[in-house]
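Just coords-v6.cif here, mmCIF, C-alpha atoms:
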```
data_upload
#
loop_
_atom_site.label_atom_id
_atom_site.label_comp_id
_atom_site.auth_asym_id
_atom_site.auth_seq_id
_atom_site.Cartn_x
_atom_site.Cartn_y
_atom_site.Cartn_z
CA MET W 149 -78.30 -6.71 -65.53
CA SER W 150 -75.54 -8.60 -63.80
CA ARG W 151 -74.58 -7.56 -60.23
CA GLN W 152 -70.92 -7.49 -61.29
CA MET W 153 -71.47 -4.66 -63.82
CA ILE W 154 -71.83 -0.96 -63.02
CA ALA W 155 -74.73 0.59 -64.76
CA GLY W 156 -73.86 2.72 -67.78
CA THR W 157 -70.14 1.93 -67.68
CA GLY W 158 -69.75 -1.68 -68.66
CA ARG W 159 -66.78 -2.01 -66.32
CA ALA W 160 -66.38 -4.75 -63.71
CA ALA W 161 -66.51 -3.56 -60.12
CA ALA W 162 -64.20 -4.86 -57.43
CA PRO W 163 -65.79 -7.54 -55.28
CA ALA W 164 -67.03 -6.29 -51.94
CA PRO W 165 -65.23 -7.65 -48.87
CA ALA W 166 -66.96 -10.54 -47.19
CA PRO W 167 -68.51 -9.69 -43.85
CA ASP W 168 -66.93 -11.16 -40.72
CA PRO W 169 -69.19 -13.99 -39.56
CA ALA W 170 -68.18 -13.43 -35.96
CA VAL W 171 -69.59 -9.92 -35.89
CA GLU W 172 -73.23 -9.21 -36.50
CA PRO W 173 -73.91 -6.21 -38.69
CA ALA W 174 -76.12 -4.68 -36.06
CA GLU W 175 -73.32 -4.83 -33.45
CA VAL W 176 -70.71 -2.96 -35.46
CA ALA W 177 -70.19 0.48 -33.90
CA PRO W 178 -69.39 3.44 -36.09
CA ALA W 179 -65.63 3.88 -36.27
CA ALA W 180 -64.21 7.04 -34.72
CA PRO W 181 -62.15 9.16 -37.07
CA ALA W 182 -58.46 8.34 -36.56
CA PRO W 183 -56.14 11.30 -35.95
CA ALA W 184 -53.96 12.13 -38.86
CA PRO W 185 -50.36 10.94 -38.27
CA VAL W 186 -47.70 13.63 -38.14
CA SER W 187 -44.81 12.93 -40.49
CA GLY W 188 -45.64 9.26 -40.49
CA ALA W 189 -44.95 8.84 -36.74
CA VAL W 190 -47.00 6.35 -34.76
CA PRO W 191 -48.39 7.90 -31.56
CA LYS W 192 -47.09 6.18 -28.41
CA PRO W 193 -49.02 5.87 -25.17
CA ARG W 194 -47.89 8.22 -22.45
CA ARG W 195 -46.25 6.64 -19.42
CA GLY W 196 -46.39 7.88 -15.90
CA PRO W 197 -43.29 8.85 -13.89
CA ARG W 198 -41.01 5.96 -13.00
CA PHE W 199 -39.52 5.80 -9.51
CA PRO W 200 -36.78 3.52 -8.17
CA PRO W 201 -38.21 0.72 -6.03
CA ASP W 202 -36.43 1.90 -2.89
CA THR W 203 -37.54 5.53 -2.91
CA GLY W 204 -41.12 5.01 -1.70
CA GLY W 205 -42.58 6.82 -4.71
CA VAL W 206 -40.54 9.99 -4.13
CA ARG W 207 -38.40 11.20 -6.98
CA ARG W 208 -34.82 11.93 -6.00
CA PRO W 209 -33.45 15.19 -7.29
CA ARG W 210 -30.85 14.76 -9.99
CA GLY W 211 -27.24 15.42 -9.08
CA LYS W 212 -27.68 14.36 -5.43
CA ARG W 213 -26.83 10.69 -5.52
CA ARG W 214 -25.65 9.01 -2.39
CA PRO W 215 -21.89 8.36 -2.30
CA GLY W 216 -20.83 4.78 -2.88
CA PRO W 217 -19.13 2.61 -0.28
CA VAL W 218 -15.65 3.45 -1.57
CA ALA W 219 -16.28 7.18 -1.32
CA ARG W 220 -17.72 6.80 2.18
CA VAL W 221 -14.75 4.75 3.35
CA ASN W 222 -12.29 7.26 1.89
CA LEU W 223 -14.11 10.13 3.58
CA LEU W 224 -14.32 8.35 6.95
CA ALA W 225 -10.67 7.25 6.79
CA SER W 226 -9.55 10.80 6.04
CA ALA W 227 -11.63 12.13 8.92
CA GLY W 228 -10.20 9.42 11.18
CA ILE W 229 -6.63 10.36 10.27
CA LEU W 230 -7.30 14.00 11.09
CA ALA W 231 -9.03 13.07 14.35
CA ALA W 232 -6.15 10.80 15.43
CA VAL W 233 -3.59 13.53 14.75
CA VAL W 234 -5.60 16.17 16.64
CA LEU W 235 -6.27 13.74 19.50
CA ASN W 236 -2.57 13.04 19.84
CA LEU W 237 -1.94 16.78 20.12
CA VAL W 238 -4.64 17.78 22.61
CA ALA W 239 -5.23 14.58 24.60
CA GLY W 240 -2.02 12.57 24.36
CA ARG W 241 1.07 12.60 26.51
CA HIS W 242 2.12 16.18 27.25
CA PRO W 243 -1.07 17.62 25.71
CA PHE W 244 -1.27 21.16 24.39
CA ALA W 245 -3.92 23.62 25.43
CA VAL W 246 -6.25 24.41 22.56
CA ALA W 247 -5.54 28.16 22.71
CA GLU W 248 -1.78 27.61 22.73
CA LEU W 249 -2.04 25.05 19.94
CA LEU W 250 -4.01 27.42 17.72
CA SER W 251 -1.56 30.23 18.44
CA ALA W 252 1.42 28.03 17.55
CA LEU W 253 -0.26 26.81 14.37
CA SER W 254 -0.94 30.38 13.30
CA GLY W 255 2.79 31.15 13.48
CA GLU W 256 2.92 32.85 16.85
CA ARG W 257 5.93 31.95 18.99
CA VAL W 258 4.66 30.11 22.09
CA PRO W 259 7.49 29.08 24.47
CA GLY W 260 7.75 25.30 24.77
CA VAL W 261 4.73 24.62 22.54
CA SER W 262 6.02 25.87 19.20
CA PHE W 263 9.21 23.80 19.33
CA MET W 264 7.46 20.57 20.34
CA LEU W 265 4.72 21.10 17.78
CA TRP W 266 6.84 21.97 14.74
CA GLU W 267 9.91 19.86 15.50
CA ASP W 268 8.36 16.73 17.02
CA ARG W 269 4.60 16.19 16.78
CA LEU W 270 3.87 17.45 13.26
CA PRO W 271 6.89 15.78 11.57
CA GLN W 272 5.93 12.56 13.33
CA ALA W 273 2.34 12.85 12.11
CA ALA W 274 3.46 13.62 8.54
CA VAL W 275 5.85 10.67 8.40
CA GLY W 276 3.21 8.37 9.93
CA VAL W 277 0.56 9.32 7.38
CA LEU W 278 2.91 9.02 4.39
CA ALA W 279 4.49 5.74 5.54
CA GLY W 280 1.11 4.23 6.38
CA ALA W 281 -0.22 5.13 2.93
CA ALA W 282 2.81 3.56 1.27
CA PHE W 283 2.58 0.35 3.29
CA GLY W 284 -1.19 0.07 2.75
CA ALA W 285 -1.03 0.55 -1.02
CA SER W 286 1.90 -1.85 -1.35
CA GLY W 287 0.11 -4.58 0.58
CA ALA W 288 -3.04 -4.18 -1.51
CA ILE W 289 -1.03 -4.49 -4.73
CA PHE W 290 0.53 -7.82 -3.72
CA GLN W 291 -2.68 -9.21 -2.21
CA ARG W 292 -4.82 -8.41 -5.23
CA MET W 293 -2.21 -9.47 -7.77
CA LEU W 294 -1.68 -12.85 -6.07
CA ARG W 295 -5.33 -13.14 -4.94
CA ASN W 296 -4.30 -14.08 -1.43
CA PRO W 297 -4.67 -12.02 1.79
CA LEU W 298 -1.41 -13.51 3.10
CA ALA W 299 0.62 -12.04 0.23
CA SER W 300 1.75 -8.85 1.93
CA PRO W 301 5.33 -7.54 1.63
CA ASP W 302 6.13 -8.19 5.29
CA VAL W 303 5.00 -11.82 4.98
CA ILE W 304 6.62 -12.76 1.67
CA GLY W 305 10.02 -11.31 2.56
CA VAL W 306 10.20 -7.99 0.69
CA GLY W 307 10.23 -6.02 3.93
CA TYR W 308 12.95 -8.26 5.33
CA GLY W 309 15.04 -7.60 2.23
CA ALA W 310 14.93 -3.87 2.91
CA SER W 311 15.63 -4.47 6.61
CA ALA W 312 18.62 -6.73 6.02
CA ALA W 313 20.18 -4.33 3.53
CA ALA W 314 19.58 -1.34 5.82
CA VAL W 315 21.07 -3.09 8.84
CA ALA W 316 24.13 -4.08 6.83
CA GLY W 317 24.51 -0.49 5.63
CA MET W 318 24.15 0.88 9.18
CA LEU W 319 26.60 -1.56 10.75
CA PHE W 320 29.32 -1.69 8.09
CA PHE W 321 29.11 1.69 6.36
CA GLY W 322 27.37 3.92 8.90
CA ALA W 323 24.70 4.79 6.35
CA GLN W 324 22.10 7.39 7.32
CA GLY W 325 19.52 9.54 5.59
CA ILE W 326 19.21 9.22 1.83
CA GLY W 327 22.07 6.71 1.66
CA LEU W 328 20.21 4.38 4.00
CA SER W 329 17.04 4.80 1.94
CA LEU W 330 18.83 3.86 -1.28
CA ILE W 331 20.41 0.79 0.34
CA ALA W 332 17.03 -0.35 1.70
CA CYS W 333 15.41 0.10 -1.72
CA ALA W 334 18.17 -1.89 -3.39
CA GLY W 335 17.82 -4.71 -0.85
CA ALA W 336 14.03 -4.90 -1.24
CA LEU W 337 14.32 -4.92 -5.04
CA ALA W 338 16.97 -7.66 -5.01
CA VAL W 339 14.87 -9.87 -2.74
CA ALA W 340 11.73 -9.30 -4.83
CA LEU W 341 13.54 -10.29 -8.02
CA LEU W 342 14.96 -13.36 -6.27
CA ILE W 343 11.49 -14.47 -5.16
CA TYR W 344 10.13 -13.77 -8.63
CA ALA W 345 12.86 -15.93 -10.17
CA ILE W 346 12.22 -18.78 -7.73
CA ALA W 347 8.54 -18.66 -8.71
CA ASP W 348 9.61 -19.53 -12.29
CA SER W 349 9.55 -15.98 -13.67
CA GLY W 350 5.88 -15.45 -12.97
CA LYS W 351 4.52 -18.66 -14.53
CA HIS W 352 3.31 -19.98 -11.19
CA THR W 353 2.42 -17.07 -8.99
CA GLY W 354 0.18 -17.26 -5.95
CA ALA W 355 0.94 -20.02 -3.47
CA ARG W 356 4.37 -20.80 -4.96
CA LEU W 357 5.54 -17.18 -4.76
CA ILE W 358 4.23 -16.86 -1.21
CA LEU W 359 6.04 -20.00 -0.08
CA ALA W 360 9.25 -18.81 -1.74
CA GLY W 361 8.88 -15.45 0.00
CA ILE W 362 8.38 -17.05 3.41
CA ALA W 363 11.50 -19.18 2.91
CA VAL W 364 13.58 -16.17 1.86
CA ALA W 365 12.21 -14.14 4.80
CA ALA W 366 13.33 -16.85 7.24
CA MET W 367 16.80 -16.80 5.71
CA LEU W 368 16.99 -13.01 5.95
CA GLN W 369 15.92 -13.08 9.60
CA GLY W 370 18.86 -15.34 10.32
CA ILE W 371 21.21 -12.98 8.47
CA ILE W 372 19.93 -10.00 10.46
CA GLN W 373 20.44 -11.81 13.76
CA TYR W 374 23.96 -12.79 12.73
CA LEU W 375 24.83 -9.18 11.79
CA LEU W 376 23.57 -7.93 15.15
CA THR W 377 25.81 -10.39 17.03
CA ARG W 378 28.91 -9.28 15.10
CA THR W 379 28.83 -5.62 16.12
CA ASP W 380 29.15 -3.63 19.32
CA VAL W 381 26.25 -3.28 21.71
CA ARG W 382 25.55 0.42 21.02
CA THR W 383 25.39 0.04 17.26
CA ALA W 384 23.35 -3.14 17.59
CA GLY W 385 20.92 -1.31 19.89
CA ASP W 386 20.40 1.44 17.31
CA ALA W 387 19.79 -1.12 14.58
CA LEU W 388 17.42 -3.10 16.79
CA ARG W 389 15.34 0.00 17.53
CA TRP W 390 15.14 0.68 13.81
CA LEU W 391 14.09 -2.92 13.15
CA THR W 392 11.22 -2.56 15.61
CA GLY W 393 9.70 0.27 13.58
CA SER W 394 9.35 3.70 15.13
CA LEU W 395 8.41 7.30 14.32
CA SER W 396 10.46 8.81 17.15
CA ALA W 397 13.28 9.92 14.81
CA SER W 398 10.93 11.68 12.39
CA THR W 399 12.07 15.04 11.04
CA TRP W 400 10.90 17.38 8.32
CA GLU W 401 13.85 16.27 6.22
CA ARG W 402 12.76 12.64 6.36
CA ALA W 403 9.15 13.63 5.75
CA GLY W 404 10.27 15.58 2.68
CA MET W 405 12.25 12.63 1.34
CA LEU W 406 9.29 10.32 1.78
CA ALA W 407 6.89 12.83 0.24
CA ALA W 408 9.15 13.29 -2.80
CA ALA W 409 9.34 9.53 -3.38
CA LEU W 410 5.59 9.06 -2.97
CA ALA W 411 4.88 11.98 -5.31
CA ILE W 412 6.42 9.79 -8.02
CA LEU W 413 5.02 6.41 -6.95
CA LEU W 414 1.47 7.15 -5.78
CA PRO W 415 0.19 8.52 -9.14
CA LEU W 416 1.16 5.16 -10.66
CA LEU W 417 -1.58 3.55 -8.55
CA VAL W 418 -4.22 4.77 -11.03
CA PRO W 419 -2.98 2.69 -14.00
CA ALA W 420 -1.99 -0.10 -11.60
CA ALA W 421 -5.58 -0.41 -10.35
CA ALA W 422 -6.83 -0.76 -13.94
CA LYS W 423 -4.24 -3.48 -14.67
CA LEU W 424 -5.14 -5.32 -11.47
CA ARG W 425 -8.82 -5.44 -12.41
CA ILE W 426 -7.88 -7.17 -15.65
CA LEU W 427 -5.43 -9.56 -13.96
CA GLU W 428 -8.13 -10.59 -11.49
CA LEU W 429 -10.06 -12.10 -14.41
CA GLY W 430 -7.32 -14.71 -14.82
CA ASP W 431 -4.13 -14.89 -16.85
CA ASP W 432 -5.78 -16.43 -19.93
CA THR W 433 -8.59 -13.88 -20.00
CA ALA W 434 -6.17 -11.01 -19.40
CA ALA W 435 -3.95 -12.21 -22.26
CA GLY W 436 -7.01 -12.50 -24.47
CA LEU W 437 -7.84 -8.88 -23.72
CA GLY W 438 -4.41 -7.84 -24.98
CA LEU W 439 -2.62 -7.48 -21.63
CA HIS W 440 1.04 -8.54 -21.42
CA VAL W 441 0.62 -10.61 -18.28
CA ARG W 442 4.25 -11.25 -17.36
CA GLY W 443 5.40 -7.68 -17.96
CA THR W 444 2.39 -6.25 -16.11
CA ARG W 445 2.97 -8.49 -13.12
CA LEU W 446 6.65 -7.55 -12.99
CA GLY W 447 5.76 -3.85 -13.15
CA LEU W 448 3.25 -4.23 -10.30
CA ILE W 449 5.86 -6.05 -8.20
CA LEU W 450 8.36 -3.25 -8.78
CA LEU W 451 5.76 -0.64 -7.78
CA GLY W 452 4.86 -2.51 -4.60
CA VAL W 453 8.53 -3.03 -3.75
CA GLY W 454 9.25 0.66 -4.26
CA LEU W 455 6.44 1.72 -1.92
CA THR W 456 7.54 -0.72 0.77
CA ALA W 457 11.22 0.13 0.46
CA VAL W 458 10.93 3.92 0.74
CA ALA W 459 8.64 3.64 3.77
CA THR W 460 10.82 1.02 5.46
CA ALA W 461 13.93 3.11 4.93
CA ILE W 462 12.37 6.02 6.86
CA THR W 463 10.42 4.32 9.66
CA GLY W 464 11.76 0.79 9.80
CA PRO W 465 9.50 -2.20 9.19
CA LEU W 466 6.11 -1.35 10.73
CA ALA W 467 4.79 -4.86 11.21
CA PHE W 468 1.48 -5.93 9.67
CA VAL W 469 0.42 -2.52 8.32
CA SER W 470 0.69 -3.85 4.76
CA PHE W 471 -1.06 -7.03 5.84
CA LEU W 472 -3.98 -5.30 7.57
CA ALA W 473 -4.80 -2.36 5.32
CA GLY W 474 -5.88 -4.21 2.17
CA PRO W 475 -8.34 -6.73 3.71
CA LEU W 476 -9.81 -4.08 6.02
CA ALA W 477 -10.40 -1.70 3.11
CA LEU W 478 -11.88 -4.51 1.02
CA ARG W 479 -14.32 -5.46 3.79
CA LEU W 480 -15.31 -1.88 4.56
CA CYS W 481 -15.88 -1.12 0.87
CA LYS W 482 -18.01 -4.29 0.49
CA GLY W 483 -15.73 -5.88 -2.06
CA ARG W 484 -15.21 -2.71 -4.12
CA SER W 485 -11.94 -1.64 -2.60
CA HIS W 486 -9.21 -0.05 -4.67
CA LEU W 487 -5.65 0.96 -3.91
CA GLY W 488 -6.51 4.46 -2.73
CA SER W 489 -8.79 3.10 0.01
CA ALA W 490 -6.07 0.72 1.19
CA ALA W 491 -3.57 3.61 1.32
CA LEU W 492 -5.93 5.70 3.48
CA VAL W 493 -6.67 2.77 5.78
CA GLY W 494 -2.93 2.16 6.17
CA ALA W 495 -2.38 5.80 7.11
CA LEU W 496 -5.23 5.58 9.63
CA LEU W 497 -3.72 2.44 11.19
CA VAL W 498 -0.34 4.11 11.70
CA THR W 499 -1.75 7.34 13.15
CA ALA W 500 -4.05 5.43 15.50
CA ALA W 501 -1.18 3.14 16.53
CA THR W 502 0.93 6.22 17.23
CA PHE W 503 -1.63 7.51 19.71
CA ILE W 504 -1.92 4.08 21.37
CA ALA W 505 1.85 3.63 21.57
CA THR W 506 2.25 7.03 23.19
CA ASN W 507 -0.51 6.70 25.79
CA ILE W 508 -1.12 3.02 26.53
CA LEU W 509 1.57 2.96 29.23
CA HIS W 510 2.08 5.83 31.63
CA ASP W 511 5.86 5.81 31.90
CA ILE W 512 6.93 4.13 28.64
CA GLN W 513 6.47 5.24 25.05
CA LEU W 514 6.30 2.12 22.89
CA PRO W 515 7.56 2.00 19.32
CA VAL W 516 4.72 2.10 16.81
CA GLY W 517 5.83 -1.21 15.32
CA VAL W 518 5.09 -2.98 18.60
CA VAL W 519 1.46 -1.80 18.51
CA THR W 520 0.92 -2.64 14.83
CA GLY W 521 2.44 -6.07 15.39
CA ALA W 522 0.15 -6.67 18.36
CA LEU W 523 -2.86 -5.68 16.25
CA GLY W 524 -1.83 -7.72 13.24
CA ALA W 525 -1.09 -11.03 14.95
CA PRO W 526 -4.73 -11.77 15.98
CA PHE W 527 -5.91 -10.74 12.52
CA LEU W 528 -3.46 -13.16 10.91
CA ILE W 529 -4.72 -15.98 13.13
CA TRP W 530 -8.32 -15.09 12.19
CA VAL W 531 -7.47 -15.19 8.47
CA LEU W 532 -5.85 -18.61 8.84
CA VAL W 533 -8.78 -20.02 10.84
CA ARG W 534 -11.28 -18.67 8.34
CA ALA W 535 -9.33 -20.09 5.40
CA ASN W 536 -9.20 -23.45 7.17
CA LYS W 537 -12.98 -23.46 7.67
CA GLU W 538 -13.57 -22.58 4.03
CA GLY W 539 -11.13 -25.27 2.92
CA SER W 540 -8.99 -22.80 0.96
#
```

Encoding of this model in structure tokens:
Amino acid sequence: MSRQMIAGTGRAAAPAPAPDPAVEPAEVAPAAPAPAPVSGAVPKPRRGPRFPPDTGGVRRPRGKRRPGPVARVNLLASAGILAAVVLNLVAGRHPFAVAELLSALSGERVPGVSFMLWEDRLPQAAVGVLAGAAFGASGAIFQRMLRNPLASPDVIGVGYGASAAAVAGMLFFGAQGIGLSLIACAGALAVALLIYAIADSGKHTGARLILAGIAVAAMLQGIIQYLLTRTDVRTAGDALRWLTGSLSASTWERAGMLAAALAILLPLLVPAAAKLRILELGDDTAAGLGLHVRGTRLGLILLGVGLTAVATAITGPLAFVSFLAGPLALRLCKGRSHLGSAALVGALLVTAATFIATNILHDIQLPVGVVTGALGAPFLIWVLVRANKEGS
């Protein structure tokens, strides 16, 4: 009978599979029974625990991540502001005893201490923190928008616009308080719009806008000097002290005015930071992502001008605070700085400068603007030398 027929059936059987020539029949081990798959799932090999490469094989507990550089800088800047304020109270000129200070802070009437604390030191500290935050955030807006560390409001002429308008209001109209603040804001806004128009309505920002701002600032300096020579000595002296930048005339009323203005402007930093991150990609990329570049840039300029103007109207132009805060925050945050960090660094600069101005000389209390200007000038020289070395 043929091998291809099954006995008694007459049906053809399927051909048997050919043996693999590479495997000898004697070497084939009996196959282990495969486990039955569950719901058609293919069993996967189990993996051991995975650890980050920098933990040394120790699993970090969830929910306890280390804070990033921005959070650390914000925390340290806040602690530094508090330390500078406390140091100015207990170790500065005319220091308070700790027991008397605590009693006065708790509301107890301490002769001599309560009046100086609540009418001089604390209003000065409040105005310094608020003004420093406004200057720092404003400088960071201009520097990031124009991608240039030299593009701070006091360099490109916005601060001089507020100063020139305020001096004119003081000399010709005797403006004080909220009237002076409104005049300073109007002057800063007018100068910012003039610089923006000279820079071809935002088509060529960057170096062109900075050069236009420097030219306008030089013109405004000449106008300020002319106004000072056309008035009497006493009024000119008051205006000159204001132009230097000082916290000596700080009151709770001025602190309240500044706080009310910043309560409106500072929350706008959150959407402004998001817009700046898109603008930093370039105008073409930002437009491709759906951002209205010209309108966004104009809005950021108005926000920066508003922050500079309200602070300048209260304290006068504190030199180089806007210029210093942004680059310092950017370097401390390792390139991840945002506007909130720059605001805190600006507040720290002003409070630290207040302590230095009060105690650096034994018999003379310097205006805060003198100290910030002395700190900012070497930093400006360093930025220029570094840019020259890098060929930028």

Report task. Go ahead and compute the interatomic distance for CA of Leu451 in chain W and CA of Val306 in chain W, in Å to one decimal. Result ->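 The value is 12.1 Å.
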
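Counting only C-alpha atoms and comparing W:Ala336, W:Val233, W:Leu250, W:Ala281, the residue that lies closest to Ala490 in chain W is W:Ala281.
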
Query raised in the report: In Å, with one decimal, what is the gap from CA of Val221 in chain W to CA of Gly393 in chain W?
Result: 26.9 Å

Query raised in the report: CA of Ala387 in chain W to CA of Leu319 in chain W: how many Å, to one decimal?
Result: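 We find that CA of Ala387 in chain W and CA of Leu319 in chain W lie 7.8 Å from each other.
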
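Of the residues listed (W:Val458, W:Leu439, W:Val519, W:Ala310), W:Leu439 shows the shortest atom-to-atom separation from Leu427 in chain W; distances use only C-alpha atoms.
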
Report task. Return the single residue from W:Leu496, W:Ile358, W:Val303, W:Leu249 that is closest to Gly280 in chain W, with distances computed using all atoms listed in the file. Result ->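 Using all atoms listed in the file, Gly280 in chain W sits closest to W:Leu496.
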
Query raised in the report: Evaluating the PyMOL selection byres ((chain W and resi 368-376) around 12) on the displayed file yields which residues, as a ChimeraX atom specification?
Result: /W:302-320,335-336,339,361-367,377-389,391

Write the residues you've just listed into a file as an mmCIF file, in the coordinates of the input, and include C-alpha atoms for each of them.
```
data_model
loop_
_atom_site.group_PDB
_atom_site.id
_atom_site.type_symbol
_atom_site.label_atom_id
_atom_site.label_comp_id
_atom_site.auth_asym_id
_atom_site.auth_seq_id
_atom_site.Cartn_x
_atom_site.Cartn_y
_atom_site.Cartn_z
ATOM 1 C CA ASP W 302 6.130 -8.190 5.290
ATOM 2 C CA VAL W 303 5.000 -11.820 4.980
ATOM 3 C CA ILE W 304 6.620 -12.760 1.670
ATOM 4 C CA GLY W 305 10.020 -11.310 2.560
ATOM 5 C CA VAL W 306 10.200 -7.990 0.690
ATOM 6 C CA GLY W 307 10.230 -6.020 3.930
ATOM 7 C CA TYR W 308 12.950 -8.260 5.330
ATOM 8 C CA GLY W 309 15.040 -7.600 2.230
ATOM 9 C CA ALA W 310 14.930 -3.870 2.910
ATOM 10 C CA SER W 311 15.630 -4.470 6.610
ATOM 11 C CA ALA W 312 18.620 -6.730 6.020
ATOM 12 C CA ALA W 313 20.180 -4.330 3.530
ATOM 13 C CA ALA W 314 19.580 -1.340 5.820
ATOM 14 C CA VAL W 315 21.070 -3.090 8.840
ATOM 15 C CA ALA W 316 24.130 -4.080 6.830
ATOM 16 C CA GLY W 317 24.510 -0.490 5.630
ATOM 17 C CA MET W 318 24.150 0.880 9.180
ATOM 18 C CA LEU W 319 26.600 -1.560 10.750
ATOM 19 C CA PHE W 320 29.320 -1.690 8.090
ATOM 20 C CA GLY W 335 17.820 -4.710 -0.850
ATOM 21 C CA ALA W 336 14.030 -4.900 -1.240
ATOM 22 C CA VAL W 339 14.870 -9.870 -2.740
ATOM 23 C CA GLY W 361 8.880 -15.450 0.000
ATOM 24 C CA ILE W 362 8.380 -17.050 3.410
ATOM 25 C CA ALA W 363 11.500 -19.180 2.910
ATOM 26 C CA VAL W 364 13.580 -16.170 1.860
ATOM 27 C CA ALA W 365 12.210 -14.140 4.800
ATOM 28 C CA ALA W 366 13.330 -16.850 7.240
ATOM 29 C CA MET W 367 16.800 -16.800 5.710
ATOM 30 C CA THR W 377 25.810 -10.390 17.030
ATOM 31 C CA ARG W 378 28.910 -9.280 15.100
ATOM 32 C CA THR W 379 28.830 -5.620 16.120
ATOM 33 C CA ASP W 380 29.150 -3.630 19.320
ATOM 34 C CA VAL W 381 26.250 -3.280 21.710
ATOM 35 C CA ARG W 382 25.550 0.420 21.020
ATOM 36 C CA THR W 383 25.390 0.040 17.260
ATOM 37 C CA ALA W 384 23.350 -3.140 17.590
ATOM 38 C CA GLY W 385 20.920 -1.310 19.890
ATOM 39 C CA ASP W 386 20.400 1.440 17.310
ATOM 40 C CA ALA W 387 19.790 -1.120 14.580
ATOM 41 C CA LEU W 388 17.420 -3.100 16.790
ATOM 42 C CA ARG W 389 15.340 0.000 17.530
ATOM 43 C CA LEU W 391 14.090 -2.920 13.150
#
```

Requested in this report: Determine the residue membership of the PyMOL selection byres ((chain W and resi 241) around 7) for the file above and supply it as a ChimeraX atom specification.
Outcome: /W:239-240,242-243,506-507

Requested in this report: Could you give me, as number ranges by chain, the residues that sit within 10 Å of (-6.2, -0.5, 0.4) in the file's coordinates, counting all atoms listed in the file?
Outcome: W: 222, 281-289, 291-292, 470-478, 481, 485-495

Write a file of the selected residues as a PDB file, in the coordinates of the input, keeping C-alpha atoms.
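Below is the file part08.pdb, written as the result:
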```
ATOM      1  CA  ASN W 222     -12.290   7.260   1.890  1.00  0.00           C
ATOM      2  CA  ALA W 281      -0.220   5.130   2.930  1.00  0.00           C
ATOM      3  CA  ALA W 282       2.810   3.560   1.270  1.00  0.00           C
ATOM      4  CA  PHE W 283       2.580   0.350   3.290  1.00  0.00           C
ATOM      5  CA  GLY W 284      -1.190   0.070   2.750  1.00  0.00           C
ATOM      6  CA  ALA W 285      -1.030   0.550  -1.020  1.00  0.00           C
ATOM      7  CA  SER W 286       1.900  -1.850  -1.350  1.00  0.00           C
ATOM      8  CA  GLY W 287       0.110  -4.580   0.580  1.00  0.00           C
ATOM      9  CA  ALA W 288      -3.040  -4.180  -1.510  1.00  0.00           C
ATOM     10  CA  ILE W 289      -1.030  -4.490  -4.730  1.00  0.00           C
ATOM     11  CA  GLN W 291      -2.680  -9.210  -2.210  1.00  0.00           C
ATOM     12  CA  ARG W 292      -4.820  -8.410  -5.230  1.00  0.00           C
ATOM     13  CA  SER W 470       0.690  -3.850   4.760  1.00  0.00           C
ATOM     14  CA  PHE W 471      -1.060  -7.030   5.840  1.00  0.00           C
ATOM     15  CA  LEU W 472      -3.980  -5.300   7.570  1.00  0.00           C
ATOM     16  CA  ALA W 473      -4.800  -2.360   5.320  1.00  0.00           C
ATOM     17  CA  GLY W 474      -5.880  -4.210   2.170  1.00  0.00           C
ATOM     18  CA  PRO W 475      -8.340  -6.730   3.710  1.00  0.00           C
ATOM     19  CA  LEU W 476      -9.810  -4.080   6.020  1.00  0.00           C
ATOM     20  CA  ALA W 477     -10.400  -1.700   3.110  1.00  0.00           C
ATOM     21  CA  LEU W 478     -11.880  -4.510   1.020  1.00  0.00           C
ATOM     22  CA  CYS W 481     -15.880  -1.120   0.870  1.00  0.00           C
ATOM     23  CA  SER W 485     -11.940  -1.640  -2.600  1.00  0.00           C
ATOM     24  CA  HIS W 486      -9.210  -0.050  -4.670  1.00  0.00           C
ATOM     25  CA  LEU W 487      -5.650   0.960  -3.910  1.00  0.00           C
ATOM     26  CA  GLY W 488      -6.510   4.460  -2.730  1.00  0.00           C
ATOM     27  CA  SER W 489      -8.790   3.100   0.010  1.00  0.00           C
ATOM     28  CA  ALA W 490      -6.070   0.720   1.190  1.00  0.00           C
ATOM     29  CA  ALA W 491      -3.570   3.610   1.320  1.00  0.00           C
ATOM     30  CA  LEU W 492      -5.930   5.700   3.480  1.00  0.00           C
ATOM     31  CA  VAL W 493      -6.670   2.770   5.780  1.00  0.00           C
ATOM     32  CA  GLY W 494      -2.930   2.160   6.170  1.00  0.00           C
ATOM     33  CA  ALA W 495      -2.380   5.800   7.110  1.00  0.00           C
TER      34      ALA W 495
END
```

Query raised in the report: For Trp390 in chain W, which residue out of W:Pro415, W:Val518, W:Leu497, W:Pro217 is the nearest one, using all atoms listed in the file?
Result: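 Of the candidates, the smallest distance to Trp390 in chain W is held by W:Val518.
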
Query raised in the report: Taking into account all atoms listed in the file, which residue in the set W:Ala501, W:Arg442, W:Val218, W:Gly464 is nearest to Asn236 in chain W?
Result: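 Comparing W:Ala501, W:Arg442, W:Val218, W:Gly464 against Asn236 in chain W, the winner is W:Ala501.
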
Query raised in the report: Could you spell out the hits of the PyMOL selection byres ((chain W and resi 441) around 12) on the shown file, as a PyMOL selection string?
Result: chain W and resi 293+349-351+353+423-424+426-440+442-448

Query raised in the report: Excluding same-chain residues fewer than 5 positions from Ala411 in chain W, what lies within 12 Å of it counting all atoms listed in the file, as an NGL selection string?
Result: :W and (278 or 281-282 or 403-406 or 416-417 or 455 or 458)

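Candidate residues W:Leu359, W:Leu341, W:Gly216, W:Leu230 were compared for distance to Lys482 in chain W, and the nearest is W:Gly216, using only C-alpha atoms.
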
Who sits within 8 Å of Pro515 in chain W, all atoms listed in the file, same chain under 5 positions skipped, as a tab-separated table (two decimals) with C-alpha atoms, keeping the file's coordinate frame:
```
chain	number	residue	atom	x	y	z
W	392	THR	CA	11.22	-2.56	15.61
W	393	GLY	CA	9.70	0.27	13.58
W	394	SER	CA	9.35	3.70	15.13
W	395	LEU	CA	8.41	7.30	14.32
W	396	SER	CA	10.46	8.81	17.15
W	505	ALA	CA	1.85	3.63	21.57
```
